[in-house]
Every structure is written in structure tokens, then in C-alpha cells.
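Novice: Structure: final-v1.cif, mmCIF, C-alpha atoms and all ligand atoms.
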data_upload
#
loop_
_atom_site.label_atom_id
_atom_site.label_comp_id
_atom_site.auth_asym_id
_atom_site.auth_seq_id
_atom_site.Cartn_x
_atom_site.Cartn_y
_atom_site.Cartn_z
CA MET A 300 110.14 80.47 92.18
CA VAL A 301 112.85 83.06 92.88
CA ALA A 302 113.45 81.57 96.33
CA ASN A 303 114.08 78.18 94.75
CA LEU A 304 116.32 79.40 91.94
CA ALA A 305 118.50 82.08 93.54
CA ASP A 306 121.04 81.96 96.35
CA ARG A 307 120.84 85.69 96.98
CA VAL A 308 118.15 88.24 96.18
CA ALA A 309 118.27 92.03 95.91
CA VAL A 310 115.09 94.10 96.12
CA MET A 311 115.00 97.52 94.45
CA TYR A 312 112.80 100.53 95.12
CA GLY A 313 113.13 104.00 93.67
CA GLY A 314 116.10 102.92 91.55
CA SER A 315 118.21 101.63 94.45
CA ILE A 316 118.72 98.35 96.23
CA VAL A 317 116.79 98.52 99.50
CA GLU A 318 117.45 94.99 100.72
CA THR A 319 119.80 92.16 99.88
CA ALA A 320 120.00 88.81 101.61
CA GLY A 321 120.13 85.10 101.09
CA ALA A 322 116.96 84.03 99.29
CA ARG A 323 115.57 81.93 102.15
CA ARG A 324 116.21 84.63 104.76
CA LEU A 325 114.69 87.34 102.57
CA PHE A 326 111.50 85.41 101.93
CA ASP A 327 111.18 84.11 105.50
CA ALA A 328 112.05 87.29 107.37
CA PRO A 329 112.14 90.41 105.16
CA ALA A 330 113.68 93.38 106.96
CA HIS A 331 112.73 96.35 104.78
CA PRO A 332 109.12 97.62 104.94
CA TYR A 333 108.92 97.65 101.14
CA THR A 334 110.04 94.02 100.91
CA ARG A 335 107.45 93.09 103.53
CA GLY A 336 104.73 94.86 101.57
CA LEU A 337 105.88 93.30 98.33
CA LEU A 338 105.79 89.78 99.73
CA ALA A 339 102.43 90.40 101.40
CA SER A 340 100.99 91.36 98.00
CA LEU A 341 101.94 88.10 96.30
CA PRO A 342 99.01 85.83 95.50
CA ALA A 343 99.31 82.23 96.69
CA ILE A 344 97.92 79.02 95.31
CA GLY A 345 94.46 78.60 96.81
CA ASP A 346 93.86 82.34 97.05
CA GLU A 347 91.56 82.42 94.02
CA ASP A 348 88.52 83.36 96.11
CA ARG A 349 90.35 85.90 98.25
CA GLY A 350 89.13 88.77 96.08
CA ARG A 351 91.38 91.76 95.59
CA LEU A 352 95.11 91.42 96.09
CA THR A 353 96.75 93.25 98.96
CA ALA A 354 98.46 96.39 97.71
CA ILE A 355 100.99 98.78 99.21
CA PRO A 356 99.14 102.08 99.69
CA GLY A 357 100.31 105.09 97.71
CA GLN A 358 102.27 105.47 94.51
CA PRO A 359 105.91 104.88 93.57
CA PRO A 360 108.06 108.03 93.69
CA ASP A 361 108.61 110.26 90.66
CA MET A 362 112.04 109.07 89.48
CA THR A 363 112.85 112.57 88.22
CA ARG A 364 112.19 114.05 91.67
CA LEU A 365 113.21 111.49 94.25
CA PRO A 366 112.83 112.62 97.85
CA GLU A 367 115.91 113.77 99.72
CA GLY A 368 115.51 111.01 102.31
CA CYS A 369 114.17 107.49 101.97
CA ALA A 370 112.43 106.91 98.64
CA PHE A 371 109.76 104.82 100.40
CA VAL A 372 108.87 107.48 102.98
CA GLU A 373 105.44 108.42 101.55
CA ARG A 374 104.24 104.81 101.66
CA CYS A 375 105.94 103.53 104.76
CA PRO A 376 103.90 102.87 107.92
CA TYR A 377 107.07 103.14 110.05
CA ALA A 378 108.40 106.46 108.72
CA PHE A 379 109.59 109.07 111.18
CA ALA A 380 111.19 112.52 110.80
CA ARG A 381 114.72 111.37 109.95
CA CYS A 382 113.40 109.33 107.00
CA ARG A 383 112.40 112.58 105.25
CA TRP A 384 115.79 114.27 105.31
CA GLU A 385 118.39 111.50 105.35
CA ARG A 386 118.52 108.53 103.01
CA PRO A 387 119.44 105.35 104.88
CA PRO A 388 122.45 103.38 103.58
CA LEU A 389 122.39 99.60 103.37
CA LEU A 390 122.75 98.64 107.04
CA PRO A 391 123.48 95.19 108.47
CA ALA A 392 120.22 93.25 108.82
CA GLY A 393 121.33 89.87 110.05
CA LYS A 394 123.66 87.26 108.64
CA LYS A 395 124.95 88.40 105.23
CA ALA A 396 121.92 90.67 104.85
CA ARG A 397 121.52 94.41 104.49
CA ALA A 398 118.53 96.73 104.37
CA ALA A 399 118.27 100.46 103.67
CA CYS A 400 116.04 101.37 106.60
CA TRP A 401 116.75 103.30 109.78
CA TRP A 402 114.92 100.68 111.82
CA THR A 403 117.34 97.97 110.63
CA GLY A 404 119.95 96.64 112.97
S1 LIG B 501 113.99 104.50 106.39
FE1 LIG B 501 112.04 105.21 107.25
S2 LIG B 501 110.65 105.52 105.50
FE2 LIG B 501 112.39 104.29 104.81
S3 LIG B 501 111.70 102.20 104.99
FE3 LIG B 501 112.76 102.69 106.90
S4 LIG B 501 111.19 103.46 108.33
FE4 LIG B 501 110.33 103.45 106.26
#
So that I can check it, write out the structure of this file as C-alpha cells.
Specialist:
Amino acid sequence: MVANLADRVAVMYGGSIVETAGARRLFDAPAHPYTRGLLASLPAIGDEDRGRLTAIPGQPPDMTRLPEGCAFVERCPYAFARCRWERPPLLPAGKKARAACWWTG
């Protein structure tokens, strides 16, 4: 529904925008690992007998004690050392798109 109503979409995690892009691009080719996990967890029509929904492992961060680096680091399958000590800015991620991930670009 969002993809059909919005021109642009911003995805937030840990109180910050982690990805912004045109709606079609974001839904077709999400760049940020959190966005990918979020979209993978959406149920689809016809999935009634699929059983449990896919979930992103782990828990959201404590908003009163956000990590020094990337807020998604404890749940991210692509995390590496830099993610723990340096928060990624919104980096170019394709045409008019940005993602806050060191793997972007
Ligand atoms: S910056 Fe690191 S921890 Fe954060 S989403 Fe990217 S790979 Fe994962």
C-alpha cells in the first residue's frame, strides 16, 4: 500500500533514518540490511498457511543507550568491526537514494 501511495519512503531504525529512496526502488531493491529484513518479514496474500512470519533476529536497541556505531549492529548479518565504533552517515545508494550502511555505495 505504501509503495502505491508514496513517491518517496524513509525507513527509520533506532530513531534515525537508515534508508530513503523512491518508493519503487526501495521496495524492489532495498539497500539497508534492516530494510531488507523488514520487507522479508511482511506477510503476502496467499501466505496464510506459511506458518510463522519471518522475523529479524534479536531485539531493537535500548533508545536510552544507543550503541556508539550503527544502531543495527547487534542484529545485522553483515556487521564488521567498523560498524561497532563508527555510525554510518546516509551514503549514496543509487539514483536519489541513500542508506546508512558501510556496505552502501
Ligand atoms: S553499518 Fe554495519 S551493522 Fe550497520 S547495517 Fe551496515 S553492515 Fe550492518
Novice: Let me make sure I understand: among A:Gly345, A:Pro366, A:Pro329, A:Pro387, which one has the smallest atom-to-atom distance to Ala309 (chain A) if we use only C-alpha atoms?
Specialist: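 Once distances to Ala309 (chain A) are computed over only C-alpha atoms, the minimum belongs to A:Pro329.
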Novice: When the cut-off is 7 Å and you count only C-alpha atoms and all ligand atoms, which residues lie near ligand LIG 501 (chain B), shown as a PyMOL selection string?
Specialist: chain A and resi 331-333+369-372+375-379+382+386-387+399-402
Novice: Just want the 7 Å neighbourhood of Glu367 (chain A), counted on only C-alpha atoms, with same-chain residues fewer than 3 positions away dropped. Output as a PyMOL selection string.
Specialist: chain A and resi 383-386
Novice: Which residue is closest to Gly336 (chain A)? Choose from A:Ala322, A:Ile355, A:Leu365, A:Ile316 and count all atoms listed in the file.
Specialist: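 Counting all atoms listed in the file, the residue closest to Gly336 (chain A) is A:Ile355.
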Novice: Could you state the separation of CA of Glu373 (chain A) and CA of Ala343 (chain A) in Å, given to one decimal place?
Specialist: 27.3 Å
Novice: For the atom pair CA of Phe326 (chain A) and CA of Lys395 (chain A), what is the interatomic distance in Å to one decimal place?
Specialist: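 Going from CA of Phe326 (chain A) over to CA of Lys395 (chain A) covers 14.2 Å.
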Novice: Please provide as JSON, numbers by chain all residues within 12 Å of Asp327 (chain A), with the sequence filter that same-chain residues fewer than 6 positions apart are discarded (counting only C-alpha atoms).
Specialist: {"A": [302, 320, 321, 334, 335, 338, 339]}
Novice: Do you have the CA of Arg323 (chain A)-CA of Pro359 (chain A) distance handy?
Specialist: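 CA of Pro359 (chain A) lies 26.3 Å from CA of Arg323 (chain A).
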